[in-house]
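Asks: Please read through the structure below; I'll follow up with questions.
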Number of protein chains: 2
Amino acid sequence: MELNQALEELETLQKKMYAYQCASSSLYLDSVTVAPRDTAQGRGVALGILAGESHKLFADPAVGELLDFLERRGEALTFSQRRQVEELKRSWRQMSRIPAEEYMAYAQLTNEASDVWHKAKENNDFASFQPVLEQLVAFNRKFAGYYDDTKAPYDALLNEYERGVDMAYLDKFFTAIREKLVPVIHAIGEKAQPDDSFLHREYPVEDQRKFSDYLMEVMGLDRAHCTIGETEHPFTLNFNNKDVRITTNYDPHDVASSMYSVIHEGGHAKYELGIRDDIQYTCLAGGVSMGVHESQSRFYENLIGRSRPFIEAIFPKMRAFFPAQLAGVTAEQFYRAVNRAQPTLIRIEADELTYCLHIMVRYEMEKQLIGGTLEVKDVPKVWNRLYKEYLGIDVPDDKRGCLQDSHWSGGSFGYFPSYALGSAYGAQMLKNMEREFDVWGPVSRGDLSQVSAWLGDKVHQYGGLLTPAEVVKNACGDFDPTVYTDYLVEKYSRLYGL
Amino acid sequence: MELNQALEELETLQKKMYAYQCASSSLYLDSVTVAPRDTAQGRGVALGILAGESHKLFADPAVGELLDFLERRGEALTFSQRRQVEELKRSWRQMSRIPAEEYMAYAQLTNEASDVWHKAKENNDFASFQPVLEQLVAFNRKFAGYYDDTKAPYDALLNEYERGVDMAYLDKFFTAIREKLVPVIHAIGEKAQPDDSFLHREYPVEDQRKFSDYLMEVMGLDRAHCTIGETEHPFTLNFNNKDVRITTNYDPHDVASSMYSVIHEGGHAKYELGIRDDIQYTCLAGGVSMGVHESQSRFYENLIGRSRPFIEAIFPKMRAFFPAQLAGVTAEQFYRAVNRAQPTLIRIEADELTYCLHIMVRYEMEKQLIGGTLEVKDVPKVWNRLYKEYLGIDVPDDKRGCLQDSHWSGGSFGYFPSYALGSAYGAQMLKNMEREFDVWGPVSRGDLSQVSAWLGDKVHQYGGLLTPAEVVKNACGDFDPTVYTDYLVEKYSRLYGL
């Protein structure tokens with residue numbers, strides 16, 4: 001084989017993978033935004049076939065040979081090409097082990113599952129979701145073996161979302177977090193809570209939409225390349241670095257809900273939009289890992305979005321959007337209200353402090369589900385028990401319990417811990433920024449450009465050009481979760497006068 | 001080859017074609033509804049590749065052999081399978097002649113063209129669209145040769161949209177129409193026009209959206225399988241018979257514009273939703289031809305939607321949606337206003353009588369463009385000349401002239417005549433219905449169920465199971481355009497007291 005020809009094949013292969021990805025992303029996006037309700041079946045047929053074609057294309061032994069050839073010629077490749085080969089080879093080894101029929105069946109299942117989950121959540125009916133969840137768990141247990149049969153199944157899945165992370169690592173991480181944070185949460189339980197009733201006045205969706213536009217503007221999101229839609233569960237979807245979509249969900253009686261969804265998803269979008277042009281349409285073109293992705297979204301959501309300077313900057317404008325609802329409310333009151341720490345039921349509405357406990361519940365359940373020590377039928381029972389144990393609250397129904405998140409219906413087991421890791425990464429990034437420049441002066445004037453530039457430089461631009469660990473090292477230095485726990489302990493001690 | 005295996009391959013092949021179709025439809029739908037503005041490039045890369053993969057799949061010589069084999073075993077096939085083989089073979093012969101690179105380049109071009117056209121229309125800037133239109137014409141002239149090199153290029157394209165139709169047939173058809181209708185249009189020019197000022201009061205988009213929902217309900221469109229969106233140019237898109245989308249465009253100062261778009265596209269949707277289940281995911285699964293499709297959309301839009309009984313049925317409800325705007329207006333006044341015949345600039349807003357003249361302009365231009373006797377740069381000039389000649393009006397700008405329609409930017413040359421043919425088919429269908437049952441009694445009560453059932457029975461259910469000519473024969477009897485011209489002459493003579 002000629003090197004040039006091989007490199008051309010490498011490019012074509014990745015462009016085709018990109019095209020299949022676009023196709024299924026588009027069908028997915030449609031399904032959760034505008035598609036008529038009873039249309040999952042026909043879409044499932046198409047998605048199953050597209051997944052099968054994409055699998056066939058990539059799992060082809062000829063691709064393995066191409067990658068081997070290019071690996072041997074590594075010294076003749078650019079850095080980017082070497083990274084492409086490295087990443088593709090890793091995926092190829094895994095992918096080529098999943099039989100095409102299983103891969104297609106799984107694609108069809110996750111499509112249908114999304115529909116079933118939606119209805120189950122709507123009707124607070126776990127029983128209707130149970131058989132689908134059973135299949136999803138079974139597939140993931142099996143796939144874990146394909147990914148890496150030397151690892152425990154859940155470790156193999158975790159490794160997919162954040163390379164190098166496993167249960168031993170996370171057990172230690174979560175133990176540290178629990179030890180530091182639970183006493184603070186308890187101490188806050190003894191204190192008076194700030195008033196947040198004004199967050200729950202009537203905030204018409206139409207006005208909240210305009211407020212979202214404003215928030216995206218503050219974040220510097222270019223609307224010619226990034227739109228906002230509305231879905232049950234907010235998410236970010238990227239076609240390429242010029243085409244990213246975020247979604248939110250408006251609650252007319254909770255202005256903070258969509259506000260922080262927009263800032264969170266906006267953080268994901270900033271990452272995707274900031275990835276360099278020269279790796280587009282390659283396997284390196286997206287964010288490098290879920291943990292790093294969540295570091296960006298949660299950075300904007302919490303470290304910036306729930307900071308006093310940011311709120312002081314945007315509050316006057318916010319009062320212009322909602323003059324009646326925020327009459328007589330000060331920026332300081334707003335700051336305290338959106339930082340009210342209190343164990344609650346819904347993860348995506350949780351405050352910054354108790355958030356990790358929500359993740360711990362999910363982590364614990366996934367560990368057992370994929371480990372085979374928890375049956376799906378017992379999910380609601382165990383979920384409710386863990387919420388009582390970790391957060392001290394009773395779960396009144398599955399809708400606000402184990403049916404609240406879309407992740408499992410999408411086949412994601414092992415994703416949740418990324419949120420906690422991302423938060424910890426973010427805290428270290430902030431600390432490094434603060435060492436390098438005046439972060440809060442500009443932020444207090446609503447100017448996020450320097451923060452964004454720093455993240456663009458240290459994180460965004462690389463996409464998958466660096467490994468997750470390299471990006472973390474680049475932006476955080478050595479990983480040290482105490483930076484995160486110290487940040488939280490300090491912030492909440494001040495807020496509650498502990 | 002075993003027959004069973006061959007039939008399985010036939011099914012798989014068609015399912016894959018369906019999947020690729022879904023993928024590009026989804027990306028297209030996204031692009032004209034919610035996609036951010038500057039995202040055509042990345043989407044174009046994906047669409048080009050998907051088109052190429054689909055082309056490679058179908059143009060494969062093995063597919064030709066499969067179809068030959070099945071054709072030889074025709075007596076062992078079901079009627080539906082025989083029709084599938086027949087249609088696929090026809091497409092295969094054509095498709096296999098288009099080189100894959102050309103096919104992909106064309107897919108990418110039409111994607112970009114849609115974007116360029118949108119902007120050109122917005123900015124009234126034909127020059128920016130010209131180079132793209134030149135390429136589109138050149139591709140279509142070339143493709144015409146691939147389709148059927150024994151025919152004149154435009155005849156070959158016409159045959160794609162309505163098998164058996166050619167310029168000789170259409171010249172005769174349009175001549176007949178012109179001879180019958182132009183004197184009526186002239187006579188109306190001498191008469192006083194009914195007042196239609198109330199159609200142009202301020203109709204808030206939000207209220208028009210609710211009115212659209214009502215219209216879809218009257219048409220019996222099941223919203224669990226059919227949604228409505230908003231685009232520059234209204235259209236209908238079908239994924240399968242359980243998943244159809246229509247779009248409309250709201251003009252706050254023209255309530256009739258979206259109203260008749262919804263009814264028109266609703267007619268297309270009724271067709272697609274009415275196609276039988278047992279041919280889904282095969283090549284027979286959509287409407288059989290553009291002419292038959294337009295017969296359905298224009299049937300609902302004009303023969304029903306612009307009839308006195310229908311307007312009498314819906315007008316009370318309409319006044320409830322728009323009490324201020326329609327205060328003091330009677331159903332009869334509304335009927336006369338939406339049937340006001342007067343040469344105007346915009347095809348999709350044209351009245352039923354002058355509509356065909358708009359089509360004649362486009363027919364004439366396409367004939368010359370594809371025939372090679374008209375250069376693209378001269379399109380605005382000739383367009384404006386023909387509008388003067390056929391409709392007697394001056395075109396003030398290209399935005400309201402040759403840039404008004406999306407068809408050419410989508411690569412459709414030869415589609416327009418289908419609108420006129422469809423109108424003529426529809427008139428014959430109505431005449432046949434009137435012979436068989438009381439059409440207008442139920443319609444005057446807002447009950448379209450019998451009309452829909454008749455169309456479902458005679459037209460919709462078959463999809464491509466019958467040929468276009470067979471469907472027309474089935475629903476119309478022998479084609480006779482005088483039924484259409486007689487209908488128009490009679491309707492407008494009464495309206496204007498000629």
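Each chain in the structure tokens gets a letter, A, B and so on, in the order shown; residues start at 1 in every chain, and ligands are counted from 1 in the order they appear.
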Residues of chain B within 7 Å of chain A, using only C-alpha atoms, as a list in words?

Replies: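 The complete set of qualifying residues is Lys16, Tyr18, Ala19, Cys22, Ala23, Ser26, Leu27, Ala35, Pro36, Arg37, Asp38, Thr39, Gly42, Ala46, Ile49, Leu50, Arg223, Ala224, His225, Cys226, Thr227, Asn240, Lys242 and Asp243 of chain B.
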
Asks: List the spatial neighbours of region 375-389 of chain B as a PyMOL selection string - criterion: any atom at most 10 Å away, only C-alpha atoms, same-chain residues fewer than 3 positions off excluded.

Replies: chain B and resi 126-127+129-135+137+343-345+357-358+360-362+364-366+368-370+372+392-398+401-403

Asks: Based on the selection just made, write C-alpha atoms of those residues as a PDB file, in the first residue's frame.

Replies:
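Just written: selection34.pdb:
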ATOM      1  CA  PHE B 126     -30.060  36.995  -8.427  1.00  0.00           C
ATOM      2  CA  ALA B 127     -26.386  37.408  -9.318  1.00  0.00           C
ATOM      3  CA  PHE B 129     -27.646  32.588  -7.182  1.00  0.00           C
ATOM      4  CA  GLN B 130     -26.705  32.579 -10.869  1.00  0.00           C
ATOM      5  CA  PRO B 131     -23.511  30.474 -10.738  1.00  0.00           C
ATOM      6  CA  VAL B 132     -25.256  27.842  -8.598  1.00  0.00           C
ATOM      7  CA  LEU B 133     -28.266  27.774 -10.890  1.00  0.00           C
ATOM      8  CA  GLU B 134     -25.933  27.353 -13.849  1.00  0.00           C
ATOM      9  CA  GLN B 135     -24.424  24.290 -12.238  1.00  0.00           C
ATOM     10  CA  VAL B 137     -29.051  23.325 -14.959  1.00  0.00           C
ATOM     11  CA  PRO B 343     -53.031  38.305 -11.968  1.00  0.00           C
ATOM     12  CA  THR B 344     -50.430  38.607  -9.198  1.00  0.00           C
ATOM     13  CA  LEU B 345     -46.748  38.035  -8.671  1.00  0.00           C
ATOM     14  CA  LEU B 357     -50.435  30.876 -15.949  1.00  0.00           C
ATOM     15  CA  HIS B 358     -47.759  30.965 -13.249  1.00  0.00           C
ATOM     16  CA  MET B 360     -46.877  28.137 -17.773  1.00  0.00           C
ATOM     17  CA  VAL B 361     -44.157  30.748 -17.164  1.00  0.00           C
ATOM     18  CA  ARG B 362     -42.059  28.208 -15.315  1.00  0.00           C
ATOM     19  CA  GLU B 364     -41.691  27.738 -20.688  1.00  0.00           C
ATOM     20  CA  MET B 365     -38.496  28.735 -18.881  1.00  0.00           C
ATOM     21  CA  GLU B 366     -37.530  25.200 -17.917  1.00  0.00           C
ATOM     22  CA  GLN B 368     -35.650  26.613 -22.680  1.00  0.00           C
ATOM     23  CA  LEU B 369     -33.161  26.261 -19.822  1.00  0.00           C
ATOM     24  CA  ILE B 370     -32.929  22.501 -20.134  1.00  0.00           C
ATOM     25  CA  GLY B 372     -30.242  24.941 -23.952  1.00  0.00           C
ATOM     26  CA  GLY B 392     -50.037  41.257 -17.907  1.00  0.00           C
ATOM     27  CA  ILE B 393     -48.078  42.420 -14.890  1.00  0.00           C
ATOM     28  CA  ASP B 394     -44.701  43.981 -14.210  1.00  0.00           C
ATOM     29  CA  VAL B 395     -42.305  42.150 -11.900  1.00  0.00           C
ATOM     30  CA  PRO B 396     -40.744  44.745  -9.584  1.00  0.00           C
ATOM     31  CA  ASP B 397     -37.841  42.610  -8.348  1.00  0.00           C
ATOM     32  CA  ASP B 398     -36.383  39.102  -8.542  1.00  0.00           C
ATOM     33  CA  GLY B 401     -39.899  37.155  -9.534  1.00  0.00           C
ATOM     34  CA  CYS B 402     -37.594  34.328 -10.523  1.00  0.00           C
ATOM     35  CA  LEU B 403     -36.245  33.863  -6.980  1.00  0.00           C
TER      36      LEU B 403
END

Asks: I need the residues in region 59-246 of chain A that are helix (DSSP H, G or I) according to DSSP; give them as a VMD selection string.

Replies: chain A and resid 59 61 to 72 74 to 76 79 to 95 100 to 122 126 to 147 153 to 161 167 to 189 197 to 200 205 to 218

Asks: As an exercise, work out the distance from CA of Arg276 (chain A) to CA of Asn238 (chain A) in Å and give it to one decimal place.

Replies: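 Answer for the CA of Arg276 (chain A) to CA of Asn238 (chain A) separation: 13.9 Å.
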
Asks: Figure out the distance between CA of Gln461 (chain A) and CA of Met259 (chain A), please, to one decimal in Å.

Replies: 26.2 Å

Asks: I want to know what sits within 6 Å of region 200-216 of chain B, based on only C-alpha atoms, with residues of the same chain fewer than 5 positions away left out; could you give that as a list in words?

Replies: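 Skipping anything fewer than 5 positions along the chain leaves Leu221, Pro252, His253 and Asp254 of chain B.
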
Asks: As a list in words, please: the residues near Val471 (chain A) (cut-off 9 Å, only C-alpha atoms, same-chain neighbours under 3 positions excluded).

Replies: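 Final neighbour list, sorted by chain and number: Val288, Val292, Lys458, Val459, Tyr462, Leu466, Thr467, Pro468, Asn474, Ala475 and Cys476 of chain A.
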
Asks: I want to know what sits within 12 Å of region 159-162 of chain B, based on only C-alpha atoms, with residues of the same chain fewer than 6 positions away left out; could you give that as an NGL selection string?

Replies: :B and (87 or 90-91 or 94 or 140 or 143-144 or 146-148 or 151-153 or 169-170 or 287-294 or 412-422 or 467-469 or 471-472)

Asks: Just to be explicit: take each residue in the selection above, keep C-alpha atoms, and write the result as a compact mmCIF listing (two decimals), in the first residue's frame.

Replies:
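In the end it all went to selection_34.txt:
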# COMPACT_ATOMS: atom_id res chain seq x y z
CA GLU B 87 -39.82 0.21 -10.40
CA ARG B 90 -36.29 1.36 -14.00
CA SER B 91 -34.46 3.44 -11.39
CA GLN B 94 -31.00 5.30 -14.75
CA ASN B 140 -29.87 18.29 -14.94
CA PHE B 143 -28.72 13.67 -15.90
CA ALA B 144 -31.52 13.87 -18.46
CA TYR B 146 -28.56 9.38 -18.23
CA TYR B 147 -32.28 8.96 -17.62
CA ASP B 148 -33.17 8.51 -21.26
CA LYS B 151 -35.52 11.79 -25.44
CA ALA B 152 -35.03 15.53 -25.55
CA PRO B 153 -33.46 16.44 -22.19
CA TYR B 169 -48.49 16.55 -24.33
CA LEU B 170 -47.98 19.59 -22.12
CA GLY B 287 -47.02 8.87 -3.47
CA VAL B 288 -46.82 7.54 -7.02
CA SER B 289 -46.01 10.74 -8.90
CA MET B 290 -45.81 14.47 -8.48
CA GLY B 291 -48.90 14.97 -10.61
CA VAL B 292 -50.98 12.61 -8.50
CA HIS B 293 -49.52 14.17 -5.36
CA GLU B 294 -50.49 17.63 -6.51
CA SER B 412 -36.22 20.14 -9.51
CA PHE B 413 -36.69 20.92 -13.18
CA GLY B 414 -39.86 19.46 -14.63
CA TYR B 415 -41.80 19.45 -11.38
CA PHE B 416 -43.88 22.57 -11.98
CA PRO B 417 -46.16 21.14 -14.69
CA SER B 418 -47.30 18.54 -12.13
CA TYR B 419 -49.18 21.30 -10.32
CA ALA B 420 -51.27 22.03 -13.39
CA LEU B 421 -51.80 18.37 -14.22
CA GLY B 422 -52.72 17.66 -10.60
CA THR B 467 -48.57 3.20 -11.93
CA PRO B 468 -49.43 6.91 -12.10
CA ALA B 469 -51.56 6.26 -15.17
CA VAL B 471 -54.12 5.64 -10.38
CA VAL B 472 -55.36 8.44 -12.61

Asks: From the set A:Arg178, A:Arg298, A:Arg308, A:Lys142, which residue has the shortest atom-to-atom contact distance to Ser444 (chain A), counting only C-alpha atoms?

Replies: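 Among A:Arg178, A:Arg298, A:Arg308, A:Lys142, it is A:Arg308 that comes nearest to Ser444 (chain A).
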
Asks: As an exercise, work out the distance from CA of Gly456 (chain B) to CA of Tyr271 (chain B) in Å and give it to one decimal place.

Replies: 7.3 Å

Asks: Lys180 (chain B): which residues within 9 Å, counting only C-alpha atoms, same-chain residues fewer than 2 positions away excluded, as a PyMOL selection string?

Replies: chain B and resi 175-178+182-184+482+485-486+489

Asks: Quick one: residues within 10 Å of Asn339 (chain A), only C-alpha atoms counted, chain neighbours fewer than 5 positions away excluded, as a PDB file with N, CA and C atoms, in the first residue's frame?

Replies:
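Result saved to around-v8.pdb:
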ATOM      1  N   PRO A 194     -31.985  30.959  52.939  1.00  0.00           N
ATOM      2  CA  PRO A 194     -32.367  32.230  52.313  1.00  0.00           C
ATOM      3  C   PRO A 194     -33.700  32.067  51.577  1.00  0.00           C
ATOM      4  N   ASP A 196     -36.054  31.982  48.572  1.00  0.00           N
ATOM      5  CA  ASP A 196     -35.908  31.865  47.114  1.00  0.00           C
ATOM      6  C   ASP A 196     -37.279  31.831  46.445  1.00  0.00           C
ATOM      7  N   ASN A 302     -21.593  26.650  37.253  1.00  0.00           N
ATOM      8  CA  ASN A 302     -21.416  26.879  38.686  1.00  0.00           C
ATOM      9  C   ASN A 302     -20.323  27.878  39.024  1.00  0.00           C
ATOM     10  N   ARG A 306     -22.879  30.678  38.984  1.00  0.00           N
ATOM     11  CA  ARG A 306     -23.390  30.820  40.349  1.00  0.00           C
ATOM     12  C   ARG A 306     -22.439  31.641  41.223  1.00  0.00           C
ATOM     13  N   SER A 307     -21.558  32.417  40.569  1.00  0.00           N
ATOM     14  CA  SER A 307     -20.654  33.289  41.334  1.00  0.00           C
ATOM     15  C   SER A 307     -21.316  34.644  41.562  1.00  0.00           C
ATOM     16  N   ARG A 308     -20.905  35.317  42.604  1.00  0.00           N
ATOM     17  CA  ARG A 308     -21.460  36.622  42.906  1.00  0.00           C
ATOM     18  C   ARG A 308     -21.163  37.635  41.794  1.00  0.00           C
ATOM     19  N   GLN A 333     -29.556  38.918  46.975  1.00  0.00           N
ATOM     20  CA  GLN A 333     -30.616  37.951  47.306  1.00  0.00           C
ATOM     21  C   GLN A 333     -30.711  36.858  46.246  1.00  0.00           C
ATOM     22  N   PHE A 334     -30.566  37.296  44.998  1.00  0.00           N
ATOM     23  CA  PHE A 334     -30.624  36.327  43.895  1.00  0.00           C
ATOM     24  C   PHE A 334     -29.455  35.349  44.011  1.00  0.00           C
ATOM     25  N   ALA A 350     -30.382  20.370  41.241  1.00  0.00           N
ATOM     26  CA  ALA A 350     -29.681  20.353  42.528  1.00  0.00           C
ATOM     27  C   ALA A 350     -28.694  21.505  42.607  1.00  0.00           C
ATOM     28  N   ASP A 351     -28.444  21.931  43.840  1.00  0.00           N
ATOM     29  CA  ASP A 351     -27.440  22.966  44.033  1.00  0.00           C
ATOM     30  C   ASP A 351     -26.053  22.357  43.879  1.00  0.00           C
ATOM     31  N   GLU A 352     -25.081  23.261  43.820  1.00  0.00           N
ATOM     32  CA  GLU A 352     -23.702  22.880  43.575  1.00  0.00           C
ATOM     33  C   GLU A 352     -23.148  21.956  44.663  1.00  0.00           C
ATOM     34  N   LEU A 353     -23.627  22.152  45.890  1.00  0.00           N
ATOM     35  CA  LEU A 353     -23.053  21.400  47.008  1.00  0.00           C
ATOM     36  C   LEU A 353     -23.571  19.970  47.090  1.00  0.00           C
ATOM     37  N   LYS A 491     -16.901  28.258  49.914  1.00  0.00           N
ATOM     38  CA  LYS A 491     -18.045  29.008  49.380  1.00  0.00           C
ATOM     39  C   LYS A 491     -19.260  28.864  50.294  1.00  0.00           C
ATOM     40  N   TYR A 492     -19.554  27.640  50.699  1.00  0.00           N
ATOM     41  CA  TYR A 492     -20.779  27.420  51.469  1.00  0.00           C
ATOM     42  C   TYR A 492     -20.624  27.826  52.933  1.00  0.00           C
ATOM     43  N   LEU A 495     -21.381  31.468  52.677  1.00  0.00           N
ATOM     44  CA  LEU A 495     -22.797  31.705  52.391  1.00  0.00           C
ATOM     45  C   LEU A 495     -23.658  31.499  53.627  1.00  0.00           C
TER      46      LEU A 495
END

Asks: Measuring between only C-alpha atoms, which one of B:Met95, B:Arg73, B:Met433, B:Thr110 shows the shortest distance to Gly145 (chain B)?

Replies: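 When distances to Gly145 (chain B) are compared using only C-alpha atoms, the smallest one comes from B:Met95.
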
Asks: Which residue out of A:Ala51, A:Leu374, A:Val262, A:Val116 has the minimum interatomic distance to Tyr300 (chain A) when only C-alpha atoms are used?

Replies: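 For Tyr300 (chain A), the nearest of the candidates is A:Val262.
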